[in-house]
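Colleague: My questions will all concern the structure given below.
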Amino acid sequence: MNDFYEMVDKVKEEIDGFKGTCGVIIKNENTGDCLQYNEDVVFPAASIIKLSILLELFKKVDNGDINLQERVVLKESEKVDGFGVLKELDCDVNLTIKDLATLMIILSDNVATNKLIHILDMESINNTIKELGMKDTVLGRKMMDGEAKKKGLDNYTSAKDTLIMLEAYLNYSNVIKLSAKNRETILDILKKQQCNNKLPLLMPKDISFGHKTGDLPGVEHDAGIIFSKIGQIIIIVLTKDLEKNTYGVQLNNNIGKIVAEYCC
């Protein structure tokens, strides 16, 4: 299948049968062909918010404010629950900032994420989000911060904002232009993703796909970029209001398969 609109029809069939709320964008960056569905609907960001943290990090690297090889020490008091491996290691682990960024993305490590938020400053991250024109996205709290959540602080995004973010990684932003070297580093990190039970599950194993997942009770997200022979294809599937999380996982699986067939 190499016709974009044939692919769109199949994706719409999946959306029509979906039990829940979803926001979907599929865009061929070479041709500009784009499917958008519920692109403005706001979702709990879950770990998709980590894409914004990654951008802020590399913005600061480009500005000379941060060195990726600088080392930081994680204290026992900085450990939190949820995804990741750092919470299981002995205290006083010595890591580079690049290590933190890599763990934040490929294992969705919450300890690494919170350390980066501390280093980068939450206000600075949100200012960059605003600079990019992401109107639905906010980093309101650190990962696993239950007290902040009780106060009404949370993390949100939309499919449209996630598209803006991924295009910034590809240097389509006129606001924040990352160096070619740092864009390559970001995309390389995304391609090393270890959480692959959603969009890529039914894709060919040799496909080049960089992405980030996110999930909460009733929420299942995946968003990324396929690097294919017909160009760079952005896929974003955000879901919420799920009676069962498996519904969101299956929607991601099926849309990933359909888009991969279009690319290949």
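Chain labels follow the order of the structure tokens: the first chain is A, the next B, and so on; residue numbering restarts at 1 in every chain, and ligands are counted from 1 in their shown order.
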If you count only C-alpha atoms, which residues fall within 6 Å of region 35-38 of chain A, apart from same-chain ones fewer than 2 positions away, as a ChimeraX atom specification?

Modeller: /A:23-26,40-41

Colleague: Check the DSSP output for the backbone and give back, as a list in words, the residues of region 59-91 of chain A in strand (DSSP E or B).

Modeller: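 Those in region 59-91 of chain A that DSSP calls strand (DSSP E or B) are Arg71, Val72, Val73 and Leu74 of chain A.
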
Colleague: So that I have them on file, write out the residues from the current selection with C-alpha atoms, as a short mmCIF file (atom, residue, chain, number, x, y, z; two decimals), in the first residue's frame.

Modeller:
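Resulting contents of again05.cif:
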```cif
data_model
loop_
_atom_site.label_atom_id
_atom_site.label_comp_id
_atom_site.auth_asym_id
_atom_site.auth_seq_id
_atom_site.Cartn_x
_atom_site.Cartn_y
_atom_site.Cartn_z
CA ARG A 71 28.34 14.19 35.62
CA VAL A 72 25.71 14.32 38.33
CA VAL A 73 25.14 12.18 41.42
CA LEU A 74 21.72 10.77 42.28
#
```

Colleague: Any chance you could list, as an NGL selection string, the residues in region 14-199 of chain A that come up alpha helix (DSSP H) when DSSP is run on the backbone?

Modeller: :A and (14-16 or 50-62 or 97-106 or 110-120 or 122-131 or 146-150 or 159-169 or 180-191)

Colleague: Could the residues in this selection be saved with C-alpha atoms as a compact mmCIF listing (two decimals), in the first residue's frame?

Modeller:
```txt
# COMPACT_ATOMS: atom_id res chain seq x y z
CA GLU A 14 -9.85 1.74 13.42
CA ILE A 15 -10.84 5.05 14.99
CA ASP A 16 -14.54 4.46 14.28
CA LYS A 50 9.30 13.90 28.49
CA LEU A 51 9.65 14.93 24.84
CA SER A 52 9.40 18.57 25.96
CA ILE A 53 12.03 18.04 28.64
CA LEU A 54 14.35 16.51 26.04
CA LEU A 55 13.93 19.53 23.77
CA GLU A 56 14.70 21.97 26.57
CA LEU A 57 17.84 20.00 27.42
CA PHE A 58 19.21 20.14 23.90
CA LYS A 59 18.23 23.79 23.53
CA LYS A 60 20.45 24.49 26.54
CA VAL A 61 23.20 22.29 25.09
CA ASP A 62 23.10 24.31 21.85
CA ILE A 97 23.45 14.26 31.75
CA LYS A 98 23.24 12.39 28.45
CA ASP A 99 22.76 9.17 30.44
CA LEU A 100 19.83 10.80 32.23
CA ALA A 101 18.28 11.89 28.93
CA THR A 102 18.71 8.44 27.42
CA LEU A 103 17.16 6.68 30.42
CA MET A 104 14.31 9.20 30.52
CA ILE A 105 13.35 8.30 26.95
CA ILE A 106 14.23 4.65 26.30
CA ASN A 110 11.08 8.78 36.35
CA VAL A 111 14.13 9.34 38.57
CA ALA A 112 16.18 10.50 35.57
CA THR A 113 13.28 12.69 34.45
CA ASN A 114 12.91 14.44 37.79
CA LYS A 115 16.65 15.04 37.98
CA LEU A 116 16.56 16.69 34.55
CA ILE A 117 13.55 18.83 35.54
CA HIS A 118 15.57 20.00 38.56
CA ILE A 119 18.61 20.79 36.40
CA LEU A 120 16.67 22.51 33.61
CA MET A 122 10.34 23.68 35.26
CA GLU A 123 9.61 27.31 34.36
CA SER A 124 12.26 27.26 31.66
CA ILE A 125 10.79 24.08 30.16
CA ASN A 126 7.31 25.63 30.10
CA ASN A 127 8.64 28.84 28.54
CA THR A 128 10.14 26.84 25.68
CA ILE A 129 6.83 25.00 25.25
CA LYS A 130 5.13 28.40 24.89
CA GLU A 131 7.79 29.69 22.50
CA GLY A 146 1.09 12.96 44.30
CA GLU A 147 0.96 16.07 46.48
CA ALA A 148 1.18 18.37 43.43
CA LYS A 149 -1.53 16.35 41.73
CA LYS A 150 -3.83 16.78 44.75
CA ALA A 159 -1.79 15.56 19.31
CA LYS A 160 -1.27 18.90 17.58
CA ASP A 161 1.30 20.00 20.16
CA THR A 162 3.08 16.66 19.94
CA LEU A 163 3.38 17.19 16.19
CA ILE A 164 4.98 20.60 16.80
CA MET A 165 7.46 18.95 19.16
CA LEU A 166 8.45 16.15 16.79
CA GLU A 167 8.81 18.57 13.91
CA ALA A 168 11.12 20.68 16.07
CA TYR A 169 13.33 17.59 16.37
CA ALA A 180 22.28 19.15 13.11
CA LYS A 181 24.49 17.30 15.59
CA ASN A 182 22.01 17.63 18.44
CA ARG A 183 19.03 16.74 16.25
CA GLU A 184 20.88 13.58 15.25
CA THR A 185 21.57 12.78 18.91
CA ILE A 186 17.91 13.26 19.86
CA LEU A 187 16.68 11.04 17.03
CA ASP A 188 19.27 8.40 17.89
CA ILE A 189 17.98 8.31 21.47
CA LEU A 190 14.37 7.94 20.26
CA LYS A 191 15.38 5.05 17.98
```

Colleague: List the spatial neighbours of Lys244 (chain A) as a PDB file with all heavy atoms, in the first residue's frame - criterion: any atom at most 10 Å away, only C-alpha atoms, same-chain residues fewer than 6 positions off excluded.

Modeller:
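Output contents, as saved in around.pdb:
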```
ATOM      1  N   LYS A  19     -13.105   2.213  21.387  1.00  0.00           N
ATOM      2  CA  LYS A  19     -13.864   2.481  22.604  1.00  0.00           C
ATOM      3  C   LYS A  19     -13.041   3.385  23.514  1.00  0.00           C
ATOM      4  O   LYS A  19     -12.235   2.922  24.314  1.00  0.00           O
ATOM      5  CB  LYS A  19     -14.193   1.168  23.315  1.00  0.00           C
ATOM      6  CG  LYS A  19     -15.087   0.237  22.521  1.00  0.00           C
ATOM      7  CD  LYS A  19     -15.320  -1.063  23.273  1.00  0.00           C
ATOM      8  CE  LYS A  19     -16.202  -2.017  22.486  1.00  0.00           C
ATOM      9  NZ  LYS A  19     -16.416  -3.296  23.203  1.00  0.00           N
ATOM     10  N   GLY A  20     -13.244   4.671  23.375  1.00  0.00           N
ATOM     11  CA  GLY A  20     -12.494   5.646  24.143  1.00  0.00           C
ATOM     12  C   GLY A  20     -12.354   6.931  23.343  1.00  0.00           C
ATOM     13  O   GLY A  20     -12.978   7.095  22.297  1.00  0.00           O
ATOM     14  N   PRO A 217      -3.501   4.937  34.178  1.00  0.00           N
ATOM     15  CA  PRO A 217      -4.787   4.241  34.151  1.00  0.00           C
ATOM     16  C   PRO A 217      -5.765   4.962  33.213  1.00  0.00           C
ATOM     17  O   PRO A 217      -6.008   6.156  33.358  1.00  0.00           O
ATOM     18  CB  PRO A 217      -5.246   4.312  35.616  1.00  0.00           C
ATOM     19  CG  PRO A 217      -3.969   4.380  36.392  1.00  0.00           C
ATOM     20  CD  PRO A 217      -3.051   5.220  35.563  1.00  0.00           C
ATOM     21  N   GLY A 218      -6.270   4.240  32.217  1.00  0.00           N
ATOM     22  CA  GLY A 218      -7.195   4.826  31.261  1.00  0.00           C
ATOM     23  C   GLY A 218      -6.555   5.627  30.155  1.00  0.00           C
ATOM     24  O   GLY A 218      -7.248   6.254  29.339  1.00  0.00           O
ATOM     25  N   VAL A 219      -5.226   5.609  30.074  1.00  0.00           N
ATOM     26  CA  VAL A 219      -4.476   6.416  29.095  1.00  0.00           C
ATOM     27  C   VAL A 219      -3.375   5.573  28.471  1.00  0.00           C
ATOM     28  O   VAL A 219      -2.606   4.914  29.188  1.00  0.00           O
ATOM     29  CB  VAL A 219      -3.837   7.651  29.781  1.00  0.00           C
ATOM     30  CG1 VAL A 219      -2.873   8.366  28.851  1.00  0.00           C
ATOM     31  CG2 VAL A 219      -4.916   8.608  30.279  1.00  0.00           C
ATOM     32  N   GLU A 220      -3.292   5.573  27.124  1.00  0.00           N
ATOM     33  CA  GLU A 220      -2.210   4.886  26.418  1.00  0.00           C
ATOM     34  C   GLU A 220      -1.796   5.738  25.212  1.00  0.00           C
ATOM     35  O   GLU A 220      -2.595   5.984  24.313  1.00  0.00           O
ATOM     36  CB  GLU A 220      -2.642   3.504  25.931  1.00  0.00           C
ATOM     37  CG  GLU A 220      -2.897   2.477  27.028  1.00  0.00           C
ATOM     38  CD  GLU A 220      -1.631   1.951  27.679  1.00  0.00           C
ATOM     39  OE1 GLU A 220      -0.525   2.243  27.182  1.00  0.00           O
ATOM     40  OE2 GLU A 220      -1.752   1.221  28.691  1.00  0.00           O
TER      41      GLU A 220
END
```

Colleague: Rank nothing, just name the residue among A:Met7, A:Ala260, A:Leu238, A:Glu243 nearest to Ile207 (chain A), using only C-alpha atoms.

Modeller: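 With only C-alpha atoms as the atom set, the closest residue is A:Ala260.
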
Colleague: Quote the spacing between CA of Gly256 (chain A) and CA of Gly84 (chain A) in Å to one decimal place.

Modeller: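 Rounded to one decimal, the two atoms are 24.6 Å apart.
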
Colleague: Just want the 7 Å neighbourhood of Arg141 (chain A), counted on only C-alpha atoms, with same-chain residues fewer than 2 positions away dropped. Output as a count of residues only.

Modeller: 7

Colleague: Kindly give the distance, in Å, that separates CA of Gly224 (chain A) and CA of Cys195 (chain A), rounded to a single decimal.

Modeller: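 Between CA of Gly224 (chain A) and CA of Cys195 (chain A) the gap works out to 12.3 Å.
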
Colleague: Which polymer residues have any atom within 9 Å of an atom of Lys198 (chain A), counting only C-alpha atoms, with same-chain residues fewer than 3 positions away left out, as JSON, numbers by chain?

Modeller: {"A": [195, 201, 202, 213, 220, 221, 222, 248, 249, 250, 251, 252, 253, 254, 256]}

Colleague: Of the residues A:Phe18, A:Gly152, A:Asn30, A:Glu88, which is the one nearest to Thr246 (chain A), using only C-alpha atoms?

Modeller: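 Nearest candidate to Thr246 (chain A) out of A:Phe18, A:Gly152, A:Asn30, A:Glu88: A:Phe18.
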
Colleague: Kindly give the distance, in Å, that separates CA of Asp206 (chain A) and CA of Lys257 (chain A), rounded to a single decimal.

Modeller: 13.3 Å

Colleague: Could you name the residues that touch Ser228 (chain A) at 10 Å or less, counting only C-alpha atoms, but leaving out those on the same chain fewer than 5 positions away, as a list in words?

Modeller: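 In the requested form, the answer reads Ile207, Ser208, Phe209, Ile233, Ala260, Tyr262, Cys263 and Cys264 of chain A.
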
Colleague: At a cut-off of 7 Å, using only C-alpha atoms, what residues contact Ile225 (chain A)? Leave out same-chain residues fewer than 3 positions from it and give the result as a VMD selection string.

Modeller: chain A and resid 209 to 211 232 to 235

Colleague: Write out, as a PDB file, in the first residue's frame, the residues just selected, with N, CA, C and O atoms.

Modeller:
```pdb
ATOM      1  N   PHE A 209      12.329   3.372  13.504  1.00  0.00           N
ATOM      2  CA  PHE A 209      11.259   4.113  14.166  1.00  0.00           C
ATOM      3  C   PHE A 209      11.757   4.644  15.498  1.00  0.00           C
ATOM      4  O   PHE A 209      12.174   3.885  16.369  1.00  0.00           O
ATOM      5  N   GLY A 210      11.726   5.963  15.663  1.00  0.00           N
ATOM      6  CA  GLY A 210      12.080   6.588  16.932  1.00  0.00           C
ATOM      7  C   GLY A 210      10.835   7.128  17.591  1.00  0.00           C
ATOM      8  O   GLY A 210      10.064   7.849  16.951  1.00  0.00           O
ATOM      9  N   HIS A 211      10.628   6.825  18.887  1.00  0.00           N
ATOM     10  CA  HIS A 211       9.346   7.198  19.478  1.00  0.00           C
ATOM     11  C   HIS A 211       9.400   7.266  20.995  1.00  0.00           C
ATOM     12  O   HIS A 211      10.389   6.890  21.618  1.00  0.00           O
ATOM     13  N   GLN A 232      10.059  10.771   5.973  1.00  0.00           N
ATOM     14  CA  GLN A 232       9.841  10.758   7.417  1.00  0.00           C
ATOM     15  C   GLN A 232       8.338  10.862   7.678  1.00  0.00           C
ATOM     16  O   GLN A 232       7.687  11.824   7.266  1.00  0.00           O
ATOM     17  N   ILE A 233       7.805   9.868   8.369  1.00  0.00           N
ATOM     18  CA  ILE A 233       6.373   9.810   8.655  1.00  0.00           C
ATOM     19  C   ILE A 233       6.168   9.953  10.155  1.00  0.00           C
ATOM     20  O   ILE A 233       6.633   9.117  10.934  1.00  0.00           O
ATOM     21  N   ILE A 234       5.497  11.020  10.551  1.00  0.00           N
ATOM     22  CA  ILE A 234       5.181  11.216  11.965  1.00  0.00           C
ATOM     23  C   ILE A 234       3.860  10.530  12.287  1.00  0.00           C
ATOM     24  O   ILE A 234       2.877  10.676  11.560  1.00  0.00           O
ATOM     25  N   ILE A 235       3.854   9.764  13.369  1.00  0.00           N
ATOM     26  CA  ILE A 235       2.636   9.100  13.857  1.00  0.00           C
ATOM     27  C   ILE A 235       2.431   9.487  15.320  1.00  0.00           C
ATOM     28  O   ILE A 235       3.345   9.346  16.144  1.00  0.00           O
TER      29      ILE A 235
END
```

Colleague: With a cut-off of 7 Å, could you pull out the residues of region 189-219 of chain A touching region 42-49 of chain A and give me the nearest pair of atoms for each, distance in Å to one decimal, using only C-alpha atoms, ordered by chain and ascending number, as a Markdown table?

Modeller:
```
| residue | atom | partner | partner_atom | distance |
| --- | --- | --- | --- | --- |
| A:Lys212 | CA | A:Ile48 | CA | 6.4 |
| A:Thr213 | CA | A:Ile48 | CA | 6.2 |
| A:Gly214 | CA | A:Ser47 | CA | 4.3 |
| A:Asp215 | CA | A:Ala46 | CA | 5.6 |
| A:Leu216 | CA | A:Ala46 | CA | 6.3 |
```

Colleague: Could you dump the residues just selected with C-alpha atoms as an mmCIF file, in the first residue's frame?

Modeller:
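Writing the result to result09.cif gives the following:
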```
data_model
loop_
_atom_site.group_PDB
_atom_site.id
_atom_site.type_symbol
_atom_site.label_atom_id
_atom_site.label_comp_id
_atom_site.auth_asym_id
_atom_site.auth_seq_id
_atom_site.Cartn_x
_atom_site.Cartn_y
_atom_site.Cartn_z
ATOM 1 C CA LYS A 212 8.137 7.822 23.029
ATOM 2 C CA THR A 213 5.285 6.131 24.857
ATOM 3 C CA GLY A 214 3.176 7.183 27.803
ATOM 4 C CA ASP A 215 0.527 5.548 29.948
ATOM 5 C CA LEU A 216 -1.617 6.002 33.016
#
```

Colleague: Using only C-alpha atoms, pick whichever of A:Phe83, A:Glu261, A:Glu39, A:Glu76 has the shortest atom-to-atom distance to Lys229 (chain A).

Modeller: A:Glu261

Colleague: For Asp3 (chain A), which of A:Leu107, A:Ile230, A:Ile66, A:Cys91 is the closest residue, counting only C-alpha atoms?

Modeller: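 Nearest candidate to Asp3 (chain A) out of A:Leu107, A:Ile230, A:Ile66, A:Cys91: A:Ile230.
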